[in-house]
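Okay, structure.cif is below, mmCIF, C-alpha atoms:
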```
data_entry
loop_
_atom_site.label_atom_id
_atom_site.label_comp_id
_atom_site.auth_asym_id
_atom_site.auth_seq_id
_atom_site.Cartn_x
_atom_site.Cartn_y
_atom_site.Cartn_z
CA MET A 1183 83.47 84.50 92.17
CA LEU A 1184 82.89 82.90 95.57
CA ASN A 1185 79.45 81.72 94.50
CA ILE A 1186 81.26 79.35 92.18
CA ILE A 1187 84.36 78.42 94.17
CA TRP A 1188 82.72 77.94 97.55
CA PRO A 1189 80.16 75.24 96.66
CA PHE A 1190 82.76 73.61 94.39
CA PHE A 1191 85.24 73.27 97.26
CA ILE A 1192 82.67 71.95 99.69
CA ILE A 1193 81.08 69.45 97.32
CA ILE A 1194 84.42 68.08 96.12
CA SER A 1195 85.75 67.80 99.68
CA ILE A 1196 82.77 65.95 101.09
CA ILE A 1197 82.50 63.52 98.17
CA TYR A 1198 86.26 62.88 98.25
CA ALA A 1199 86.16 62.34 102.02
CA ILE A 1200 83.34 59.81 101.72
CA LEU A 1201 85.18 57.95 98.97
CA THR A 1202 88.48 57.85 100.86
CA GLY A 1203 86.93 57.06 104.25
CA LYS A 1204 87.74 60.33 105.99
CA VAL A 1205 84.22 61.00 107.21
CA VAL A 1206 85.21 61.30 110.88
CA GLU A 1207 87.86 63.94 110.20
CA VAL A 1208 85.51 65.91 107.98
CA ASN A 1209 82.69 65.76 110.50
CA ASN A 1210 84.92 67.06 113.29
CA SER A 1211 86.34 69.79 111.13
CA VAL A 1212 82.95 71.35 110.38
CA PHE A 1213 82.48 72.72 113.89
CA GLU A 1214 86.17 73.22 114.48
CA SER A 1215 86.19 75.62 111.54
CA ALA A 1216 83.50 77.72 113.21
CA ASN A 1217 85.57 77.96 116.40
CA GLU A 1218 88.65 78.89 114.40
CA THR A 1219 86.77 81.71 112.70
CA VAL A 1220 85.66 83.16 116.02
CA LYS A 1221 89.16 82.92 117.46
CA LEU A 1222 90.72 84.66 114.48
CA THR A 1223 88.06 87.36 114.39
CA ILE A 1224 88.59 88.23 118.06
CA THR A 1225 92.32 88.88 117.61
CA PHE A 1226 91.58 90.58 114.37
CA PHE A 1227 89.25 92.91 116.15
CA GLY A 1228 92.09 94.43 118.12
CA THR A 1229 94.66 94.84 115.38
CA ILE A 1230 92.33 96.06 112.65
CA CYS A 1231 90.47 98.55 114.89
CA LEU A 1232 93.68 99.97 116.32
CA TRP A 1233 95.29 100.43 112.94
CA ASN A 1234 92.15 101.88 111.46
CA GLY A 1235 92.17 104.47 114.24
CA ILE A 1236 95.76 105.49 113.46
CA ILE A 1237 95.18 105.64 109.71
CA HIS A 1238 92.02 107.68 110.25
CA ILE A 1239 94.18 110.36 111.87
CA ALA A 1240 96.52 110.28 108.85
CA SER A 1241 93.58 110.70 106.50
CA LYS A 1242 92.50 113.89 108.32
CA THR A 1243 95.92 115.54 108.04
CA THR A 1244 97.46 117.10 104.94
CA MET A 1245 99.72 114.03 104.73
CA ILE A 1246 97.83 112.48 101.81
CA GLU A 1247 97.96 115.74 99.83
CA LYS A 1248 101.68 116.08 100.40
CA LEU A 1249 102.37 112.47 99.43
CA THR A 1250 100.17 112.92 96.37
CA ASN A 1251 102.32 115.87 95.22
CA LYS A 1252 105.50 113.88 95.78
CA LEU A 1253 104.23 111.19 93.41
CA GLY A 1254 104.05 113.64 90.49
CA PRO A 1255 107.22 112.59 88.62
CA ILE A 1256 106.44 108.87 89.00
CA ILE A 1257 102.91 109.36 87.68
CA LYS A 1258 104.27 111.28 84.70
CA PHE A 1259 106.62 108.40 83.91
CA LEU A 1260 103.90 105.75 84.28
CA PHE A 1261 101.24 107.67 82.36
CA PRO A 1262 102.93 109.57 79.52
CA ASP A 1263 99.55 109.99 77.74
CA LEU A 1264 98.19 112.02 80.63
CA LYS A 1265 100.75 114.82 80.50
CA LYS A 1266 98.15 117.56 80.26
CA GLU A 1267 95.46 115.92 82.36
CA LYS A 1268 96.30 117.31 85.80
CA GLU A 1269 92.95 116.33 87.28
CA VAL A 1270 93.19 112.65 86.32
CA GLN A 1271 96.81 112.58 87.46
CA LYS A 1272 95.66 113.76 90.86
CA GLU A 1273 92.91 111.12 91.07
CA ILE A 1274 95.42 108.40 90.22
CA SER A 1275 97.94 109.67 92.78
CA MET A 1276 95.30 109.79 95.50
CA ASN A 1277 94.33 106.21 94.76
CA VAL A 1278 97.97 105.12 94.96
CA VAL A 1279 98.51 106.97 98.26
CA ALA A 1280 95.32 105.50 99.75
CA ASN A 1281 96.54 102.03 98.73
CA MET A 1282 99.92 102.66 100.32
CA LEU A 1283 98.33 103.70 103.60
CA GLY A 1284 96.07 100.68 103.55
CA LEU A 1285 92.92 102.80 103.23
CA GLY A 1286 91.14 100.11 101.24
CA ASN A 1287 87.75 101.72 101.77
CA ALA A 1288 88.99 105.01 100.33
CA ALA A 1289 91.27 103.60 97.65
CA THR A 1290 88.64 101.70 95.67
CA PRO A 1291 86.14 104.58 95.21
CA LEU A 1292 89.04 106.88 94.26
CA GLY A 1293 90.30 104.28 91.80
CA LEU A 1294 86.90 103.79 90.23
CA LYS A 1295 86.54 107.57 89.84
CA ALA A 1296 89.90 107.68 88.09
CA MET A 1297 88.79 104.85 85.78
CA LYS A 1298 85.70 106.84 84.76
CA SER A 1299 87.84 109.90 84.03
CA LEU A 1300 90.24 107.75 82.01
CA GLN A 1301 87.31 106.34 80.04
CA LYS A 1302 86.31 109.91 79.06
CA LEU A 1303 89.77 110.33 77.50
CA ASN A 1304 89.67 106.88 75.89
CA ASP A 1305 89.37 106.93 72.07
CA ASN A 1306 88.00 103.40 71.82
CA LYS A 1307 85.32 103.00 74.47
CA ASP A 1308 85.22 99.19 74.53
CA ARG A 1309 88.95 98.65 74.82
CA LEU A 1310 91.25 99.64 77.70
CA SER A 1311 93.53 102.56 76.87
CA ASN A 1312 97.24 102.32 77.68
CA SER A 1313 96.79 104.51 80.74
CA MET A 1314 93.87 102.41 81.98
CA ALA A 1315 95.89 99.23 81.55
CA MET A 1316 98.79 100.67 83.53
CA PHE A 1317 96.45 101.95 86.23
CA ILE A 1318 94.71 98.59 86.70
CA VAL A 1319 97.98 96.68 86.73
CA LEU A 1320 99.31 99.10 89.33
CA ASN A 1321 96.25 98.39 91.47
CA THR A 1322 96.84 94.65 91.27
CA ALA A 1323 100.27 95.18 92.82
CA SER A 1324 99.99 95.46 96.58
CA LEU A 1325 101.50 98.81 97.56
CA GLN A 1326 100.43 98.78 101.21
CA ILE A 1327 103.19 100.00 103.53
CA ILE A 1328 102.05 98.11 106.63
CA PRO A 1329 100.51 94.71 105.81
CA THR A 1330 97.99 94.92 108.64
CA THR A 1331 95.99 91.82 107.80
CA VAL A 1332 99.03 89.56 107.83
CA ILE A 1333 100.30 91.08 111.07
CA ALA A 1334 96.86 90.51 112.61
CA ILE A 1335 96.85 86.86 111.53
CA ARG A 1336 100.40 86.35 112.84
CA ASN A 1337 99.42 87.95 116.14
CA SER A 1338 96.38 85.74 116.48
CA LEU A 1339 98.53 82.64 116.02
CA GLY A 1340 101.00 83.67 118.71
CA SER A 1341 103.94 84.85 116.61
CA GLN A 1342 107.08 85.89 118.51
CA ASN A 1343 107.48 88.92 116.27
CA ALA A 1344 104.46 89.57 114.09
CA SER A 1345 106.09 92.57 112.37
CA GLU A 1346 109.20 90.64 111.34
CA ILE A 1347 107.90 90.36 107.79
CA ILE A 1348 107.52 94.08 107.03
CA ILE A 1349 110.86 94.68 105.30
CA PRO A 1350 110.71 91.37 103.36
CA VAL A 1351 107.19 92.37 102.25
CA TRP A 1352 108.52 95.74 101.03
CA ILE A 1353 111.33 94.08 99.10
CA SER A 1354 108.99 91.56 97.52
CA THR A 1355 106.40 94.25 96.72
CA VAL A 1356 108.98 96.51 95.06
CA ILE A 1357 110.35 93.63 92.97
CA ALA A 1358 106.85 92.63 91.87
CA ALA A 1359 105.73 96.24 91.23
CA VAL A 1360 108.81 97.14 89.17
CA THR A 1361 108.32 93.94 87.17
CA VAL A 1362 104.68 94.66 86.35
CA VAL A 1363 105.48 98.23 85.33
CA ILE A 1364 108.23 97.05 82.97
CA VAL A 1365 106.05 94.21 81.62
CA THR A 1366 103.14 96.60 81.08
CA LYS A 1367 105.36 99.17 79.34
CA LEU A 1368 106.64 96.41 77.03
CA PHE A 1369 103.12 95.14 76.35
CA ILE A 1370 101.96 98.68 75.53
CA LYS A 1371 104.79 98.96 73.04
CA PHE A 1372 104.49 95.56 71.38
CA TRP A 1373 100.92 94.27 71.94
CA LYS A 1374 98.66 95.33 69.11
CA MET B 477 119.18 89.54 109.39
CA ALA B 478 119.21 91.38 112.73
CA PHE B 479 119.09 94.68 110.85
CA VAL B 480 116.13 93.66 108.69
CA ASN B 481 114.43 92.48 111.82
CA TYR B 482 115.11 95.77 113.59
CA LEU B 483 113.76 97.84 110.68
CA SER B 484 110.65 95.66 110.50
CA THR B 485 110.07 96.00 114.21
CA ILE B 486 110.50 99.75 114.26
CA ALA B 487 108.28 100.46 111.21
CA VAL B 488 104.95 100.40 113.06
CA PRO B 489 106.03 102.52 116.07
CA VAL B 490 107.65 105.08 113.76
CA ILE B 491 104.54 105.38 111.59
CA ILE B 492 102.34 105.78 114.68
CA LEU B 493 104.70 108.45 115.99
CA LEU B 494 104.73 110.32 112.67
CA VAL B 495 100.97 110.20 112.19
CA ILE B 496 100.12 111.32 115.71
CA ALA B 497 102.78 114.04 115.77
CA TYR B 498 101.59 115.23 112.35
CA GLY B 499 98.01 115.31 113.55
CA ALA B 500 98.94 117.20 116.71
CA VAL B 501 100.97 119.79 114.80
CA GLU B 502 98.09 120.34 112.39
CA LYS B 503 95.79 120.78 115.42
CA ILE B 504 93.49 117.89 114.59
CA LYS B 505 91.47 116.42 117.46
CA VAL B 506 93.77 113.43 117.42
CA PHE B 507 92.00 111.31 120.02
CA ASP B 508 88.46 111.89 118.70
CA THR B 509 89.67 111.07 115.20
CA PHE B 510 91.32 107.90 116.47
CA ILE B 511 88.04 106.85 118.12
CA ASP B 512 86.13 107.45 114.87
CA GLY B 513 88.63 105.28 113.03
CA VAL B 514 88.28 102.49 115.58
CA LYS B 515 84.48 102.62 115.21
CA GLU B 516 84.91 102.21 111.48
CA GLY B 517 87.27 99.30 112.18
CA ILE B 518 84.56 97.53 114.19
CA GLN B 519 82.29 97.70 111.15
CA ILE B 520 85.05 96.26 108.94
CA VAL B 521 85.66 93.30 111.24
CA ILE B 522 81.96 92.58 111.74
CA GLY B 523 81.45 92.89 107.99
CA ILE B 524 84.10 90.32 107.16
CA PHE B 525 83.09 87.78 109.83
CA PRO B 526 80.37 85.94 107.83
CA THR B 527 82.65 85.67 104.79
CA LEU B 528 85.45 84.27 106.90
CA MET B 529 83.13 81.77 108.52
CA GLY B 530 82.07 80.41 105.14
CA LEU B 531 85.60 80.26 103.82
CA PHE B 532 87.06 78.65 106.91
CA LEU B 533 84.48 75.91 106.49
CA ALA B 534 85.50 75.34 102.87
CA ILE B 535 89.24 75.45 103.56
CA THR B 536 89.04 73.15 106.58
CA LEU B 537 86.99 70.65 104.56
CA LEU B 538 89.51 70.79 101.73
CA ARG B 539 92.33 70.06 104.13
CA GLU B 540 90.70 67.36 106.27
CA SER B 541 89.25 65.49 103.28
CA GLY B 542 92.72 65.20 101.74
CA VAL B 543 91.80 67.16 98.57
CA LEU B 544 94.31 69.88 99.39
CA GLU B 545 97.10 67.34 99.78
CA LEU B 546 96.14 65.76 96.47
CA VAL B 547 96.28 69.07 94.59
CA VAL B 548 99.53 70.08 96.27
CA ASN B 549 101.15 66.77 95.34
CA LEU B 550 100.02 67.16 91.74
CA LEU B 551 101.79 70.52 91.66
CA THR B 552 105.06 69.24 93.10
CA PRO B 553 106.88 69.06 89.73
CA ILE B 554 106.24 72.78 89.15
CA THR B 555 107.01 73.91 92.68
CA SER B 556 110.25 71.96 92.94
CA LEU B 557 111.35 73.52 89.65
CA PHE B 558 111.19 76.98 91.22
CA ASN B 559 112.26 75.80 94.66
CA ILE B 560 108.89 76.85 96.14
CA PRO B 561 107.77 74.95 99.25
CA LYS B 562 104.69 72.97 98.23
CA GLU B 563 102.93 73.85 101.48
CA ILE B 564 102.33 77.43 100.26
CA MET B 565 100.79 76.37 96.93
CA PRO B 566 97.15 76.52 98.09
CA LEU B 567 97.76 80.17 98.99
CA ALA B 568 99.59 80.93 95.76
CA ILE B 569 96.64 79.59 93.77
CA LEU B 570 93.88 81.32 95.75
CA ARG B 571 95.66 84.64 96.33
CA PRO B 572 94.79 86.24 92.97
CA ILE B 573 91.19 84.95 93.10
CA SER B 574 89.80 85.88 96.50
CA GLY B 575 91.08 88.09 99.31
CA SER B 576 89.07 86.45 102.07
CA ALA B 577 89.73 82.92 100.84
CA SER B 578 93.46 83.58 100.77
CA MET B 579 93.24 85.04 104.27
CA ALA B 580 91.61 81.81 105.45
CA VAL B 581 94.23 79.65 103.69
CA ALA B 582 97.13 81.73 104.98
CA THR B 583 95.78 81.35 108.52
CA ASP B 584 95.35 77.63 107.98
CA ILE B 585 98.92 77.19 106.69
CA MET B 586 100.39 79.18 109.57
CA SER B 587 98.43 77.33 112.23
CA GLN B 588 99.70 74.06 110.70
CA TYR B 589 103.36 75.01 110.26
CA GLY B 590 103.83 77.90 112.71
CA THR B 591 104.11 81.63 112.05
CA ASP B 592 107.86 81.94 112.61
CA THR B 593 109.02 78.95 110.59
CA ILE B 594 110.26 79.49 107.03
CA ILE B 595 106.89 78.28 105.70
CA GLY B 596 105.06 80.74 107.95
CA LEU B 597 107.34 83.61 107.01
CA ILE B 598 107.05 82.93 103.27
CA THR B 599 103.27 82.64 103.62
CA SER B 600 103.11 86.00 105.42
CA THR B 601 105.34 87.72 102.89
CA LEU B 602 103.43 86.34 99.93
CA MET B 603 100.15 87.39 101.53
CA GLY B 604 101.45 90.90 102.27
CA SER B 605 103.09 91.58 98.94
CA THR B 606 100.36 90.49 96.51
CA GLU B 607 96.79 91.56 95.80
CA THR B 608 93.50 90.01 94.78
CA THR B 609 94.35 90.42 91.11
CA LEU B 610 91.22 88.97 89.48
CA TYR B 611 88.85 90.85 91.74
CA THR B 612 90.67 94.14 91.14
CA ILE B 613 90.59 93.68 87.36
CA ALA B 614 86.91 92.72 87.51
CA ILE B 615 85.75 95.82 89.39
CA TYR B 616 88.01 98.28 87.55
CA THR B 617 86.97 97.08 84.09
CA GLY B 618 83.38 96.57 85.25
CA ILE B 619 82.89 100.22 86.20
CA VAL B 620 83.63 101.35 82.62
CA LYS B 621 81.94 98.28 81.07
CA ILE B 622 85.02 97.23 79.10
CA LYS B 623 85.51 93.61 78.06
CA LYS B 624 88.61 94.04 75.88
CA ILE B 625 91.20 94.05 78.62
CA ARG B 626 94.17 93.35 76.31
CA PHE B 627 97.27 92.16 78.20
CA VAL B 628 96.18 93.33 81.66
CA LEU B 629 95.47 89.90 83.13
CA ILE B 630 98.73 88.43 81.84
CA ALA B 631 100.80 91.35 83.10
CA ALA B 632 99.14 91.22 86.53
CA LEU B 633 99.60 87.47 86.86
CA ILE B 634 103.27 87.78 85.89
CA GLY B 635 103.52 90.27 88.76
CA ASP B 636 101.88 87.81 91.16
CA PHE B 637 104.25 85.07 90.09
CA ILE B 638 107.30 87.29 90.54
CA GLY B 639 105.95 88.33 93.97
CA MET B 640 105.72 84.67 94.94
CA VAL B 641 109.22 83.82 93.74
CA ALA B 642 110.58 86.93 95.49
CA SER B 643 108.83 86.03 98.79
CA VAL B 644 110.39 82.59 98.71
CA GLY B 645 113.79 83.89 97.60
CA ILE B 646 114.02 86.52 100.32
CA TRP B 647 113.45 84.02 103.12
CA ARG B 648 115.75 81.43 101.58
CA PHE B 649 118.38 84.17 101.55
CA LEU B 650 117.70 85.44 105.09
CA SER B 651 117.61 82.07 106.81
#
```

Encoded form using structure tokens:
Amino acid sequence: MLNIIWPFFIIISIIYAILTGKVVEVNNSVFESANETVKLTITFFGTICLWNGIIHIASKTTMIEKLTNKLGPIIKFLFPDLKKEKEVQKEISMNVVANMLGLGNAATPLGLKAMKSLQKLNDNKDRLSNSMAMFIVLNTASLQIIPTTVIAIRNSLGSQNASEIIIPVWISTVIAAVTVVIVTKLFIKFWK
Amino acid sequence: MAFVNYLSTIAVPVIILLVIAYGAVEKIKVFDTFIDGVKEGIQIVIGIFPTLMGLFLAITLLRESGVLELVVNLLTPITSLFNIPKEIMPLAILRPISGSASMAVATDIMSQYGTDTIIGLITSTLMGSTETTLYTIAIYTGIVKIKKIRFVLIAALIGDFIGMVASVGIWRFLS
């Protein structure tokens, strides 16, 4: 994706700048952008490493297993076709829990594994099954409990209270997640 | 407002407390595990640095050349319809497409308008409550080599849109 967007942005910007006489600004911004990247990365370093350390502890406890079990009823509601497929249910739950904890590196492989298992149960191999559709849509909703990246950015820019946004993020996430679940359920029912 | 703020502020300490207490009770080598996690974190940050560098260049050029302003102004009729501040539009557009690009734009918006202003707060909330939709759909359908994705893209984009409207609405309500 970025192989298309990135050159497009740069080419458009430079041509537009030349045409509108903003060459000085653009020239200055080239090296300024490099400095900005370094500044952001340095603050990032602290927040991301620290949080990764904490989450690593969580991933070694039985916390994930326990949370996975708690998700059972929700998974049954979201994936009615998988009633008898305990193994796939577990893979899906683990992916959801990993997403919630912000374990991006663990969530994606778990999710891809679940997709492969879902494909085995799929009747039509070149079309997403209802369960697959729900699972993908669920993964496009951000379920992360602590939005670490945003907090890191806010910290790096000198926010008075970088965590201030956590509850608003939860509210917004829940609204968006409930909406996509309802929309997907409706699509499954009416989209042929 | 004060209560929401308090809950937000206490979330991180409480989670750290829970995780570490949990680890200690289950007799995990809590400190060693923490160190391993931090080492992994170093790799993550180093890994993302080149991407960020490239994207910061593109975003800064877009802003300084005036292209960003042009696009944002073109979108004003839509944004004013939903009462969305036009300053966050670059983020709203890039958010579903690229995680690192939206990180760069979010940073850019907040360094322009401040982190604790309504624009900064909406930007943060939007960033935290949505995902890289197109990328997620691409890898999840790619692994099973399926092209017929039915309604998935539409449903996911509806979710992104609702997330954006909610992010704006919450801060309009709180401030």

Name the residues captured by the PyMOL selection byres ((chain B and resi 639-650) around 7) when it is applied to the shown file; answer as an mmCIF file with C-alpha atoms, keeping the file's coordinate frame.
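And here is the file that came out, selection.cif:
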```
data_model
loop_
_atom_site.group_PDB
_atom_site.id
_atom_site.type_symbol
_atom_site.label_atom_id
_atom_site.label_comp_id
_atom_site.auth_asym_id
_atom_site.auth_seq_id
_atom_site.Cartn_x
_atom_site.Cartn_y
_atom_site.Cartn_z
ATOM 1 C CA PRO A 1350 110.710 91.370 103.360
ATOM 2 C CA SER A 1354 108.990 91.560 97.520
ATOM 3 C CA THR A 1355 106.400 94.250 96.720
ATOM 4 C CA ILE A 1357 110.350 93.630 92.970
ATOM 5 C CA ALA A 1358 106.850 92.630 91.870
ATOM 6 C CA MET B 477 119.180 89.540 109.390
ATOM 7 C CA ILE B 560 108.890 76.850 96.140
ATOM 8 C CA ILE B 594 110.260 79.490 107.030
ATOM 9 C CA ILE B 598 107.050 82.930 103.270
ATOM 10 C CA THR B 601 105.340 87.720 102.890
ATOM 11 C CA LEU B 602 103.430 86.340 99.930
ATOM 12 C CA SER B 605 103.090 91.580 98.940
ATOM 13 C CA THR B 606 100.360 90.490 96.510
ATOM 14 C CA GLY B 635 103.520 90.270 88.760
ATOM 15 C CA ASP B 636 101.880 87.810 91.160
ATOM 16 C CA PHE B 637 104.250 85.070 90.090
ATOM 17 C CA ILE B 638 107.300 87.290 90.540
ATOM 18 C CA SER B 651 117.610 82.070 106.810
#
```

Discussion item. I'd like the interatomic distance between atom CA of B:Ile486 and atom CA of A:Ile1328, to a tenth of an Å.
Written reply: 11.5 Å

Item to complete: Considering only C-alpha atoms, state which residue in the set A:Gly1340, A:Asn1185, A:Cys1231, A:Asp1305 is at the smallest distance from chain B.
Response: A:Cys1231

Check every residue of chain B for an atom within 6 Å of chain A, counting only C-alpha atoms, and provide those that qualify as a PDB file with C-alpha atoms, in the coordinates of the input.
```pdb
ATOM      1  CA  ASN B 481     114.430  92.480 111.820  1.00  0.00           C
ATOM      2  CA  SER B 484     110.650  95.660 110.500  1.00  0.00           C
ATOM      3  CA  THR B 485     110.070  96.000 114.210  1.00  0.00           C
ATOM      4  CA  VAL B 495     100.970 110.200 112.190  1.00  0.00           C
ATOM      5  CA  GLY B 499      98.010 115.310 113.550  1.00  0.00           C
ATOM      6  CA  THR B 509      89.670 111.070 115.200  1.00  0.00           C
ATOM      7  CA  PHE B 510      91.320 107.900 116.470  1.00  0.00           C
ATOM      8  CA  GLY B 513      88.630 105.280 113.030  1.00  0.00           C
ATOM      9  CA  VAL B 514      88.280 102.490 115.580  1.00  0.00           C
ATOM     10  CA  GLY B 517      87.270  99.300 112.180  1.00  0.00           C
ATOM     11  CA  MET B 529      83.130  81.770 108.520  1.00  0.00           C
ATOM     12  CA  PHE B 532      87.060  78.650 106.910  1.00  0.00           C
ATOM     13  CA  LEU B 533      84.480  75.910 106.490  1.00  0.00           C
ATOM     14  CA  ALA B 534      85.500  75.340 102.870  1.00  0.00           C
ATOM     15  CA  LEU B 537      86.990  70.650 104.560  1.00  0.00           C
ATOM     16  CA  LEU B 538      89.510  70.790 101.730  1.00  0.00           C
ATOM     17  CA  GLU B 540      90.700  67.360 106.270  1.00  0.00           C
ATOM     18  CA  SER B 541      89.250  65.490 103.280  1.00  0.00           C
ATOM     19  CA  THR B 591     104.110  81.630 112.050  1.00  0.00           C
ATOM     20  CA  SER B 600     103.110  86.000 105.420  1.00  0.00           C
ATOM     21  CA  THR B 601     105.340  87.720 102.890  1.00  0.00           C
ATOM     22  CA  GLY B 604     101.450  90.900 102.270  1.00  0.00           C
ATOM     23  CA  SER B 605     103.090  91.580  98.940  1.00  0.00           C
ATOM     24  CA  THR B 606     100.360  90.490  96.510  1.00  0.00           C
ATOM     25  CA  GLU B 607      96.790  91.560  95.800  1.00  0.00           C
ATOM     26  CA  THR B 609      94.350  90.420  91.110  1.00  0.00           C
ATOM     27  CA  ILE B 622      85.020  97.230  79.100  1.00  0.00           C
ATOM     28  CA  LYS B 624      88.610  94.040  75.880  1.00  0.00           C
ATOM     29  CA  ILE B 625      91.200  94.050  78.620  1.00  0.00           C
ATOM     30  CA  VAL B 628      96.180  93.330  81.660  1.00  0.00           C
ATOM     31  CA  ALA B 632      99.140  91.220  86.530  1.00  0.00           C
ATOM     32  CA  GLY B 635     103.520  90.270  88.760  1.00  0.00           C
ATOM     33  CA  ILE B 638     107.300  87.290  90.540  1.00  0.00           C
ATOM     34  CA  GLY B 639     105.950  88.330  93.970  1.00  0.00           C
ATOM     35  CA  ALA B 642     110.580  86.930  95.490  1.00  0.00           C
ATOM     36  CA  SER B 643     108.830  86.030  98.790  1.00  0.00           C
TER      37      SER B 643
END
```

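Rounded to one decimal, atom CA of A:Leu1285 and atom CA of B:Thr608 lie 15.3 Å from each other.
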
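Residue nearest B:Phe525, chosen from B:Leu597, B:Ala580, B:Met603, B:Leu633 and counting only C-alpha atoms: B:Ala580.
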
Discussion item. When the PyMOL selection byres ((chain B and resi 572-578) around 6) is applied to the structure above, which residues does it catch, written out as a PyMOL selection string?
Written reply: chain B and resi 531+567+570-571+579-582+608-610

Discussion item. To one decimal place in Å, what is the distance between atom CA of B:Leu544 and atom CA of B:Gly596?
Written reply: 17.5 Å
